[in-house]
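**Q** Take a look at coords_23.cif, mmCIF, C-alpha atoms:
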data_final
#
loop_
_atom_site.group_PDB
_atom_site.id
_atom_site.type_symbol
_atom_site.label_atom_id
_atom_site.label_comp_id
_atom_site.auth_asym_id
_atom_site.auth_seq_id
_atom_site.Cartn_x
_atom_site.Cartn_y
_atom_site.Cartn_z
ATOM 1 C CA MET S 99 -1.626 -21.659 8.805
ATOM 2 C CA ASN S 100 0.860 -24.491 9.290
ATOM 3 C CA ALA S 101 2.100 -26.770 6.529
ATOM 4 C CA PRO S 102 0.677 -30.335 6.581
ATOM 5 C CA ILE S 103 4.207 -31.723 6.906
ATOM 6 C CA GLY S 104 5.750 -31.622 10.370
ATOM 7 C CA ASN S 105 9.356 -32.306 11.270
ATOM 8 C CA HIS S 106 11.780 -33.068 14.065
ATOM 9 C CA LEU S 107 14.439 -30.640 12.873
ATOM 10 C CA ARG S 108 14.740 -28.712 16.114
ATOM 11 C CA ARG S 109 15.166 -31.875 18.210
ATOM 12 C CA LEU S 110 17.610 -33.340 15.691
ATOM 13 C CA ARG S 111 19.678 -30.177 15.759
ATOM 14 C CA PHE S 112 20.014 -30.350 19.511
ATOM 15 C CA ASP S 113 20.764 -34.065 19.364
ATOM 16 C CA HIS S 114 23.571 -33.276 16.942
ATOM 17 C CA GLY S 115 25.704 -31.301 19.335
ATOM 18 C CA GLU S 116 23.303 -28.361 19.538
ATOM 19 C CA MET S 117 23.807 -27.577 15.887
ATOM 20 C CA THR S 118 22.782 -24.012 15.113
ATOM 21 C CA GLN S 119 20.134 -23.075 12.577
ATOM 22 C CA ASP S 120 22.857 -21.367 10.615
ATOM 23 C CA ALA S 121 24.995 -24.513 10.502
ATOM 24 C CA LEU S 122 22.041 -26.617 9.394
ATOM 25 C CA ALA S 123 21.148 -24.045 6.744
ATOM 26 C CA ARG S 124 24.695 -24.092 5.376
ATOM 27 C CA ALA S 125 24.817 -27.877 5.389
ATOM 28 C CA ALA S 126 21.518 -28.156 3.525
ATOM 29 C CA GLY S 127 22.206 -25.247 1.159
ATOM 30 C CA VAL S 128 19.286 -23.065 2.236
ATOM 31 C CA THR S 129 18.921 -19.787 4.125
ATOM 32 C CA ARG S 130 18.607 -19.656 7.903
ATOM 33 C CA GLN S 131 15.209 -18.034 7.395
ATOM 34 C CA THR S 132 14.043 -21.181 5.604
ATOM 35 C CA VAL S 133 15.225 -23.370 8.493
ATOM 36 C CA ILE S 134 13.274 -21.098 10.857
ATOM 37 C CA ALA S 135 10.147 -21.408 8.672
ATOM 38 C CA LEU S 136 10.579 -25.193 8.499
ATOM 39 C CA GLU S 137 10.996 -25.591 12.244
ATOM 40 C CA ALA S 138 7.958 -23.413 12.850
ATOM 41 C CA GLY S 139 5.975 -25.697 10.553
ATOM 42 C CA ARG S 140 5.162 -22.850 8.206
ATOM 43 C CA TYR S 141 6.895 -24.213 5.176
ATOM 44 C CA ALA S 142 6.685 -27.648 3.545
ATOM 45 C CA PRO S 143 9.986 -28.497 1.836
ATOM 46 C CA SER S 144 10.385 -30.004 -1.610
ATOM 47 C CA LEU S 145 11.259 -33.684 -1.765
ATOM 48 C CA GLU S 146 14.826 -32.769 -2.671
ATOM 49 C CA LEU S 147 15.265 -30.466 0.312
ATOM 50 C CA ALA S 148 13.666 -33.051 2.614
ATOM 51 C CA PHE S 149 16.256 -35.604 1.453
ATOM 52 C CA ARG S 150 19.086 -33.112 1.869
ATOM 53 C CA LEU S 151 18.009 -32.246 5.422
ATOM 54 C CA ALA S 152 17.625 -35.914 6.335
ATOM 55 C CA HIS S 153 21.059 -36.572 4.869
ATOM 56 C CA VAL S 154 22.617 -33.913 7.115
ATOM 57 C CA PHE S 155 21.465 -35.886 10.168
ATOM 58 C CA GLY S 156 22.148 -39.298 8.608
ATOM 59 C CA LYS S 157 18.457 -40.190 8.878
ATOM 60 C CA ARG S 158 15.742 -41.380 6.530
ATOM 61 C CA VAL S 159 13.237 -38.792 5.329
ATOM 62 C CA ASP S 160 10.419 -40.398 7.311
ATOM 63 C CA GLU S 161 12.500 -40.141 10.468
ATOM 64 C CA VAL S 162 12.752 -36.383 10.035
ATOM 65 C CA PHE S 163 9.393 -35.481 8.468
ATOM 66 C CA PHE S 164 5.883 -36.685 9.218
ATOM 67 C CA TRP S 165 2.372 -36.112 7.910
ATOM 68 C CA ARG S 166 0.130 -33.999 10.155
ATOM 69 C CA GLU S 167 -3.397 -35.347 9.939
ATOM 70 C CA ASP S 168 -4.952 -32.353 11.718
ATOM 71 C CA GLU S 169 -3.382 -29.779 9.368
ATOM 72 C CA ALA S 170 -4.097 -31.851 6.249
ATOM 73 C CA GLY S 171 -7.714 -32.324 7.278
ATOM 74 C CA GLY S 172 -7.390 -36.045 6.590
ATOM 75 C CA MET U 964 0.486 -3.163 7.816
ATOM 76 C CA ARG U 965 4.241 -2.517 7.687
ATOM 77 C CA ILE U 966 4.223 -3.261 3.957
ATOM 78 C CA ALA U 967 1.452 -0.722 3.315
ATOM 79 C CA LEU U 968 3.172 1.828 5.542
ATOM 80 C CA VAL U 969 6.513 1.576 3.705
ATOM 81 C CA MET U 970 4.725 1.789 0.364
ATOM 82 C CA LEU U 971 2.678 4.808 1.464
ATOM 83 C CA LEU U 972 5.608 6.679 3.045
ATOM 84 C CA SER U 973 7.795 6.133 -0.014
ATOM 85 C CA ALA U 974 4.976 7.264 -2.294
ATOM 86 C CA VAL U 975 4.430 10.415 -0.221
ATOM 87 C CA VAL U 976 8.157 11.244 -0.450
ATOM 88 C CA GLY U 977 8.070 10.616 -4.219
ATOM 89 C CA ALA U 978 5.039 12.886 -4.631
ATOM 90 C CA LEU U 979 6.603 15.638 -2.501
ATOM 91 C CA LEU U 980 9.793 15.486 -4.583
ATOM 92 C CA ALA U 981 7.772 15.849 -7.778
ATOM 93 C CA GLY U 982 5.450 18.605 -6.623
ATOM 94 C CA PRO U 983 5.985 22.344 -6.203
ATOM 95 C CA TRP U 984 4.895 22.307 -2.545
ATOM 96 C CA ILE U 985 8.363 22.283 -0.954
ATOM 97 C CA ASP U 986 11.258 24.516 -1.879
ATOM 98 C CA TRP U 987 14.113 22.016 -1.559
ATOM 99 C CA PRO U 988 17.613 23.375 -0.895
ATOM 100 C CA LEU U 989 18.999 20.987 -3.544
ATOM 101 C CA HIS U 990 17.678 19.587 -6.795
ATOM 102 C CA GLU U 991 14.828 17.256 -5.772
ATOM 103 C CA GLY U 992 16.587 14.290 -7.358
ATOM 104 C CA TYR U 993 19.557 14.784 -5.036
ATOM 105 C CA VAL U 994 17.230 15.196 -2.049
ATOM 106 C CA GLY U 995 15.660 11.849 -2.967
ATOM 107 C CA VAL U 996 19.092 10.217 -3.269
ATOM 108 C CA VAL U 997 20.163 11.547 0.153
ATOM 109 C CA LEU U 998 16.924 10.265 1.724
ATOM 110 C CA MET U 999 17.381 6.848 0.091
ATOM 111 C CA LEU U 1000 20.984 6.539 1.278
ATOM 112 C CA VAL U 1001 20.154 7.613 4.835
ATOM 113 C CA ALA U 1002 17.198 5.190 4.946
ATOM 114 C CA ALA U 1003 19.405 2.368 3.629
ATOM 115 C CA LEU U 1004 22.109 3.050 6.241
ATOM 116 C CA ILE U 1005 19.566 3.151 9.080
ATOM 117 C CA LEU U 1006 17.902 -0.018 7.846
ATOM 118 C CA ARG U 1007 21.205 -1.853 7.496
ATOM 119 C CA ARG U 1008 22.093 -0.954 11.064
ATOM 120 C CA HIS U 1009 18.640 -1.948 12.304
ATOM 121 C CA TRP U 1010 18.814 -5.358 10.597
ATOM 122 C CA GLN U 1011 22.347 -5.874 11.867
ATOM 123 C CA ARG U 1012 21.150 -5.209 15.412
ATOM 124 C CA ARG U 1013 18.231 -7.591 14.953
ATOM 125 C CA ALA U 1014 20.639 -10.271 13.719
ATOM 126 C CA GLU U 1015 22.803 -9.834 16.813
ATOM 127 C CA THR U 1016 20.031 -9.655 19.395
ATOM 128 C CA ARG U 1017 16.990 -11.577 18.155
ATOM 129 C CA GLY U 1018 18.290 -13.537 15.185
ATOM 130 C CA ASP U 1019 15.149 -12.800 13.184
ATOM 131 C CA GLU U 1020 16.583 -10.424 10.608
ATOM 132 C CA PRO U 1021 15.268 -10.758 7.051
ATOM 133 C CA GLY U 1022 17.365 -12.770 4.635
ATOM 134 C CA GLU U 1023 19.103 -11.321 1.613
ATOM 135 C CA PRO U 1024 16.228 -11.960 -0.852
ATOM 136 C CA GLU U 1025 13.693 -10.361 1.497
ATOM 137 C CA ARG U 1026 15.945 -7.316 1.941
ATOM 138 C CA GLU U 1027 16.039 -6.910 -1.805
ATOM 139 C CA VAL U 1028 12.248 -6.996 -1.937
ATOM 140 C CA TRP U 1029 11.932 -4.344 0.802
ATOM 141 C CA HIS U 1030 14.336 -2.175 -1.152
ATOM 142 C CA GLY U 1031 12.421 -2.822 -4.371
ATOM 143 C CA LEU U 1032 9.101 -1.944 -2.749
ATOM 144 C CA ALA U 1033 10.350 1.344 -1.285
ATOM 145 C CA SER U 1034 12.295 2.519 -4.339
ATOM 146 C CA THR U 1035 9.618 1.500 -6.866
ATOM 147 C CA SER U 1036 6.961 3.185 -4.778
ATOM 148 C CA LEU U 1037 8.996 6.392 -4.471
ATOM 149 C CA ILE U 1038 9.963 6.587 -8.156
ATOM 150 C CA GLY U 1039 6.498 5.509 -9.308
ATOM 151 C CA ALA U 1040 4.833 8.220 -7.211
ATOM 152 C CA GLN U 1041 7.335 10.795 -8.475
ATOM 153 C CA ILE U 1042 6.555 9.915 -12.110
ATOM 154 C CA ALA U 1043 2.794 9.796 -11.510
ATOM 155 C CA THR U 1044 2.765 13.160 -9.707
ATOM 156 C CA MET U 1045 4.919 14.891 -12.326
ATOM 157 C CA LEU U 1046 2.737 13.419 -15.054
ATOM 158 C CA PHE U 1047 -0.410 14.595 -13.308
ATOM 159 C CA LEU U 1048 0.992 18.100 -12.829
ATOM 160 C CA ALA U 1049 2.328 18.342 -16.389
ATOM 161 C CA GLY U 1050 -0.972 17.229 -17.898
ATOM 162 C CA PRO U 1051 -1.709 15.122 -20.985
ATOM 163 C CA GLY U 1052 0.052 17.480 -23.364
ATOM 164 C CA LEU U 1053 3.523 16.771 -21.927
ATOM 165 C CA ALA U 1054 6.019 17.226 -24.767
ATOM 166 C CA LEU U 1055 9.308 15.375 -24.998
ATOM 167 C CA GLN U 1056 11.377 18.503 -25.679
ATOM 168 C CA SER U 1057 10.010 20.611 -22.845
ATOM 169 C CA PRO U 1058 11.508 21.897 -19.582
ATOM 170 C CA GLN U 1059 8.949 19.831 -17.657
ATOM 171 C CA ALA U 1060 9.946 16.604 -19.425
ATOM 172 C CA HIS U 1061 13.627 17.357 -18.925
ATOM 173 C CA GLN U 1062 13.048 18.065 -15.238
ATOM 174 C CA MET U 1063 11.042 14.881 -14.902
ATOM 175 C CA GLY U 1064 13.686 12.816 -16.681
ATOM 176 C CA ARG U 1065 16.555 14.270 -14.670
ATOM 177 C CA THR U 1066 14.801 13.677 -11.360
ATOM 178 C CA THR U 1067 13.724 10.153 -12.286
ATOM 179 C CA TRP U 1068 17.157 9.068 -13.484
ATOM 180 C CA THR U 1069 18.826 10.618 -10.418
ATOM 181 C CA LEU U 1070 16.417 8.686 -8.195
ATOM 182 C CA ILE U 1071 17.130 5.475 -10.131
ATOM 183 C CA ALA U 1072 20.864 6.034 -9.538
ATOM 184 C CA GLY U 1073 20.116 6.581 -5.841
ATOM 185 C CA ALA U 1074 18.109 3.357 -5.731
ATOM 186 C CA ILE U 1075 21.054 1.442 -7.217
ATOM 187 C CA VAL U 1076 23.538 2.916 -4.716
ATOM 188 C CA SER U 1077 21.208 2.257 -1.769
ATOM 189 C CA TRP U 1078 20.826 -1.341 -2.981
ATOM 190 C CA PHE U 1079 24.583 -1.762 -2.641
ATOM 191 C CA ILE U 1080 24.395 -0.385 0.912
ATOM 192 C CA LEU U 1081 21.778 -2.966 1.914
ATOM 193 C CA HIS U 1082 23.353 -5.755 -0.085
ATOM 194 C CA ARG U 1083 25.494 -8.343 1.675
ATOM 195 C CA ARG U 1084 28.037 -10.442 -0.112
ATOM 196 C CA GLU U 1085 26.582 -13.856 0.482
ATOM 197 C CA VAL U 1086 23.541 -13.776 -1.772
ATOM 198 C CA GLN U 1087 21.646 -16.953 -1.212
ATOM 199 C CA ARG U 1088 18.292 -17.753 -2.683
ATOM 200 C CA ASP U 1089 16.669 -21.071 -2.006
ATOM 201 C CA GLU U 1090 13.522 -22.913 -3.037
ATOM 202 C CA ARG U 1091 11.334 -21.038 -0.546
ATOM 203 C CA ASP U 1092 12.434 -17.683 -1.988
ATOM 204 C CA ARG U 1093 11.803 -18.938 -5.508
ATOM 205 C CA ALA U 1094 8.351 -20.241 -4.526
ATOM 206 C CA ILE U 1095 7.443 -16.881 -2.986
ATOM 207 C CA VAL U 1096 8.634 -15.006 -6.101
ATOM 208 C CA THR U 1097 6.768 -17.358 -8.451
ATOM 209 C CA GLN U 1098 3.508 -17.021 -6.541
ATOM 210 C CA ALA U 1099 3.799 -13.216 -6.352
ATOM 211 C CA ASN U 1100 4.747 -12.857 -10.011
ATOM 212 C CA ARG U 1101 1.824 -15.014 -11.125
ATOM 213 C CA LEU U 1102 -0.615 -12.664 -9.401
ATOM 214 C CA SER U 1103 1.136 -9.465 -10.429
ATOM 215 C CA GLY U 1104 1.108 -10.773 -14.020
ATOM 216 C CA HIS U 1105 -2.681 -10.978 -13.824
ATOM 217 C CA VAL U 1106 -2.793 -7.431 -12.425
ATOM 218 C CA LEU U 1107 -0.621 -6.198 -15.300
ATOM 219 C CA ALA U 1108 -2.851 -7.926 -17.857
ATOM 220 C CA VAL U 1109 -5.969 -6.352 -16.331
ATOM 221 C CA LEU U 1110 -4.368 -2.888 -16.281
ATOM 222 C CA ILE U 1111 -3.248 -3.173 -19.907
ATOM 223 C CA VAL U 1112 -6.715 -4.333 -20.988
ATOM 224 C CA VAL U 1113 -8.391 -1.503 -19.045
ATOM 225 C CA LEU U 1114 -5.997 1.028 -20.574
ATOM 226 C CA ALA U 1115 -6.430 -0.390 -24.070
ATOM 227 C CA VAL U 1116 -10.231 -0.430 -23.816
ATOM 228 C CA THR U 1117 -10.275 3.078 -22.344
ATOM 229 C CA LEU U 1118 -8.054 4.429 -25.101
ATOM 230 C CA GLY U 1119 -9.992 2.504 -27.736
ATOM 231 C CA PHE U 1120 -13.350 3.889 -26.653
ATOM 232 C CA THR U 1121 -12.201 7.442 -25.973
ATOM 233 C CA PRO U 1122 -13.377 9.824 -28.717
ATOM 234 C CA PRO U 1123 -10.490 11.070 -30.922
ATOM 235 C CA GLN U 1124 -11.067 14.693 -29.939
ATOM 236 C CA ARG U 1125 -10.422 13.791 -26.293
ATOM 237 C CA LEU U 1126 -7.359 11.712 -27.174
ATOM 238 C CA ALA U 1127 -5.809 14.405 -29.336
ATOM 239 C CA PRO U 1128 -4.347 16.480 -26.459
ATOM 240 C CA MET U 1129 -2.539 13.403 -25.095
ATOM 241 C CA SER U 1130 1.059 13.349 -26.219
ATOM 242 C CA HIS U 1131 2.890 10.131 -26.970
ATOM 243 C CA VAL U 1132 5.178 10.875 -24.001
ATOM 244 C CA PHE U 1133 2.159 11.035 -21.709
ATOM 245 C CA LEU U 1134 0.748 7.757 -23.070
ATOM 246 C CA ALA U 1135 4.154 6.079 -22.840
ATOM 247 C CA HIS U 1136 4.384 7.072 -19.179
ATOM 248 C CA LEU U 1137 0.889 5.744 -18.547
ATOM 249 C CA LEU U 1138 2.061 2.378 -19.895
ATOM 250 C CA LEU U 1139 5.153 2.637 -17.708
ATOM 251 C CA LEU U 1140 2.961 3.211 -14.672
ATOM 252 C CA THR U 1141 1.101 -0.054 -15.308
ATOM 253 C CA LEU U 1142 4.490 -1.798 -15.022
ATOM 254 C CA VAL U 1143 5.236 0.131 -11.833
ATOM 255 C CA ILE U 1144 1.897 -0.881 -10.286
ATOM 256 C CA SER U 1145 2.385 -4.509 -11.281
ATOM 257 C CA SER U 1146 5.890 -4.434 -9.801
ATOM 258 C CA LEU U 1147 4.556 -2.955 -6.564
ATOM 259 C CA VAL U 1148 1.946 -5.715 -6.344
ATOM 260 C CA SER U 1149 4.686 -8.304 -6.870
ATOM 261 C CA HIS U 1150 6.890 -6.785 -4.163
ATOM 262 C CA ALA U 1151 4.003 -6.464 -1.708
ATOM 263 C CA LEU U 1152 2.923 -10.078 -2.285
ATOM 264 C CA GLN U 1153 6.474 -11.348 -1.851
ATOM 265 C CA LEU U 1154 6.787 -9.512 1.445
ATOM 266 C CA TRP U 1155 3.425 -10.881 2.508
ATOM 267 C CA GLY U 1156 4.756 -14.360 1.689
ATOM 268 C CA TYR U 1157 7.836 -13.772 3.843
ATOM 269 C CA ARG U 1158 5.691 -12.384 6.618
ATOM 270 C CA ARG U 1159 3.491 -15.485 6.520
ATOM 271 C CA ASP U 1160 6.557 -17.683 6.947
ATOM 272 C CA ALA U 1161 8.146 -15.459 9.565
ATOM 273 C CA GLN U 1162 8.551 -16.933 12.942
ATOM 274 C CA SER U 1163 11.075 -15.957 15.585
ATOM 275 C CA GLY U 1164 13.763 -18.561 15.987
ATOM 276 C CA ASP U 1165 16.871 -18.901 18.015
ATOM 277 C CA ALA U 1166 19.842 -16.819 17.088
ATOM 278 C CA GLY U 1167 22.009 -19.826 16.290
#
Just give me the structure as structure tokens.
**A**
Amino acid sequence: MNAPIGNHLRRLRFDHGEMTQDALARAAGVTRQTVIALEAGRYAPSLELAFRLAHVFGKRVDEVFFWREDEAGG
Amino acid sequence: MRIALVMLLSAVVGALLAGPWIDWPLHEGYVGVVLMLVAALILRRHWQRRAETRGDEPGEPEREVWHGLASTSLIGAQIATMLFLAGPGLALQSPQAHQMGRTTWTLIAGAIVSWFILHRREVQRDERDRAIVTQANRLSGHVLAVLIVVLAVTLGFTPPQRLAPMSHVFLAHLLLLTLVISSLVSHALQLWGYRRDAQSGDAG
């Protein structure tokens, strides 16, 4: 089952010079496995991690993450 | 499926090491250590290959859990089998208890060495790992509580004449086994949590 929070991490990585998952993980201070889970929509990050990931790309949190109505059932 | 298989295989090895069914060429504790080290070396190579080809190798925390599941299962089964074979009258100063202790402590040493084989330097644990551990430990805590209550009630309602043959060493090991079972539940749930999150990604 997917998390109710979606994201544009994969697209943002490619837009940022084809940044690797490993590089993003290091920049955000998480494991590469967590980046994989996030991109697959299987893990909803904490608010702090969401801010850190957005900060890596110089974006606002709402430009990176979005609410998935279908998954949330709302 | 893989989780159950690893748990079952490790338990079978632990039971075989404890039982009289196989005439091992070495002390069974050393046989267990050799098996653990070989398994750790094979696994390290397998994960290394996965990292290079598919990029979906388990992270450091998940590796530790796999190791914990296999070693706890093996040592737990070894203790349980030896306890079952020795019977409730197991005395502390007996050849059986000494044999059991020597094998168990040798296996624990083997588990520590094999952990160092699987261990990589950059240990990183993030919020997802902590969430998985917390969730698993909450459930395994409930399992432990239930086991302790069941054991306490059973012992409390067992007539004294049936309790009399049980030595304090036997009862102490029964308590130890509740911890082993709870630990196995925790490891299995953590691995299930990682499996739920698993998704093949690019190798970047």
**Q** Could you write out as a list in words the residues of chain S within 6 Å of chain U, counting all atoms listed in the file?
**A**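 Selected residues: Thr118, Gln119, Asp120, Val128, Ile134, Ala135 and Arg140 of chain S.
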**Q** What gap, in Å, lies between atom CA of Val1132 of chain U and atom CA of Ala1115 of chain U?
**A**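 For atom CA of Val1132 of chain U relative to atom CA of Ala1115 of chain U, the distance reads 16.2 Å.
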**Q** I'd like to know which of S:Thr132, S:Glu137, S:Glu116, S:Ala126 is closest to Leu151 of chain S, using all atoms listed in the file.
**A**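 So, comparing all the options, the nearest one is S:Ala126.
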**Q** For a quick check of understanding, using only C-alpha atoms, which of S:Gly139, S:Val162, S:Arg150, S:Gly127 has the smallest distance to Leu107 of chain S?
**A**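 Of the candidates, the smallest distance to Leu107 of chain S is held by S:Val162.
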**Q** Please indicate the distance in Å from atom CA of Thr1035 of chain U to atom CA of Ser1146 of chain U, rounded to one decimal place.
**A** 7.6 Å
**Q** Apply the PyMOL selection byres ((chain S and resi 106) around 12) to the file shown and report the selected residues as a compact mmCIF listing (two decimals) with C-alpha atoms, in the coordinates of the input.
**A**
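This went into out.txt:
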# COMPACT_ATOMS: atom_id res chain seq x y z
CA ILE S 103 4.21 -31.72 6.91
CA GLY S 104 5.75 -31.62 10.37
CA ASN S 105 9.36 -32.31 11.27
CA LEU S 107 14.44 -30.64 12.87
CA ARG S 108 14.74 -28.71 16.11
CA ARG S 109 15.17 -31.88 18.21
CA LEU S 110 17.61 -33.34 15.69
CA ARG S 111 19.68 -30.18 15.76
CA PHE S 112 20.01 -30.35 19.51
CA ASP S 113 20.76 -34.06 19.36
CA VAL S 133 15.22 -23.37 8.49
CA LEU S 136 10.58 -25.19 8.50
CA GLU S 137 11.00 -25.59 12.24
CA ALA S 138 7.96 -23.41 12.85
CA GLY S 139 5.98 -25.70 10.55
CA ALA S 148 13.67 -33.05 2.61
CA LEU S 151 18.01 -32.25 5.42
CA ALA S 152 17.62 -35.91 6.34
CA PHE S 155 21.46 -35.89 10.17
CA LYS S 157 18.46 -40.19 8.88
CA ARG S 158 15.74 -41.38 6.53
CA VAL S 159 13.24 -38.79 5.33
CA ASP S 160 10.42 -40.40 7.31
CA GLU S 161 12.50 -40.14 10.47
CA VAL S 162 12.75 -36.38 10.04
CA PHE S 163 9.39 -35.48 8.47
CA PHE S 164 5.88 -36.68 9.22
CA TRP S 165 2.37 -36.11 7.91
**Q** So the first atom is atom CA of Val1116 of chain U and the second is atom CA of Ala1099 of chain U; what is the distance between them in Å, to one decimal place?
**A**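 These atoms are spaced 25.8 Å apart.
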**Q** Selected by the PyMOL selection byres ((chain U and resi 1001) around 12) in the shown coordinates: which residues, as a PyMOL selection string?
**A** chain U and resi 994-1000+1002-1008+1073-1074+1076-1078+1080-1081
**Q** Tell me which of U:Ser1103, U:Thr1044, U:Gly977, U:Ser1130 sits closest to Ile1071 of chain U, counting only C-alpha atoms.
**A**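 The answer is U:Gly977, which sits nearest to Ile1071 of chain U.
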**Q** Report the centre and edge lengths, in Å to one decimal, of an axis-aligned box enclosing every atom of segment 974-980 of chain U listed in the file, padded by 3 Å on each side, as AutoDock Vina command-line options.
**A**
--center_x 7.1 --center_y 11.5 --center_z -2.4 --size_x 11.4 --size_y 14.4 --size_z 10.4
**Q** Find the residue from U:Ile1095, U:Pro983, U:Arg1013, U:Leu1107 that sits nearest to Arg1158 of chain U; use all atoms listed in the file when measuring.
**A**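 For Arg1158 of chain U, the nearest of the given residues is U:Ile1095.
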**Q** Let me make sure I understand: among U:Arg1012, U:His990, U:His1082, U:His1136, which one has the smallest atom-to-atom distance to Arg1065 of chain U if we use only C-alpha atoms?
**A**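 Closest to Arg1065 of chain U, using only C-alpha atoms: U:His990.
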**Q** For the file shown, what are the residues hit by the PyMOL selection byres ((chain U and resi 1133) around 10), laid out as a list in words?
**A**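 Applied to this file, the PyMOL selection byres ((chain U and resi 1133) around 10) selects Leu1046, Phe1047, Ala1049, Gly1050, Pro1051, Gly1052, Leu1053, Ala1054, Leu1055, Ala1060, Pro1128, Met1129, Ser1130, His1131, Val1132, Leu1134, Ala1135, His1136, Leu1137, Leu1138 and Leu1139 of chain U.
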**Q** Out of U:Leu1118, U:Thr1066, U:Met964, U:Ser973, which residue has the shortest atom-to-atom distance to Leu989 of chain U when counting all atoms listed in the file?
**A**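 Checking each candidate against Leu989 of chain U, we get U:Thr1066 as the closest.
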**Q** Excluding same-chain residues fewer than 5 positions from Gln1041 of chain U, what lies within 7 Å of it counting all atoms listed in the file, as a list in words?
**A** Gly977, Ala978, Leu980 and Ala981 of chain U
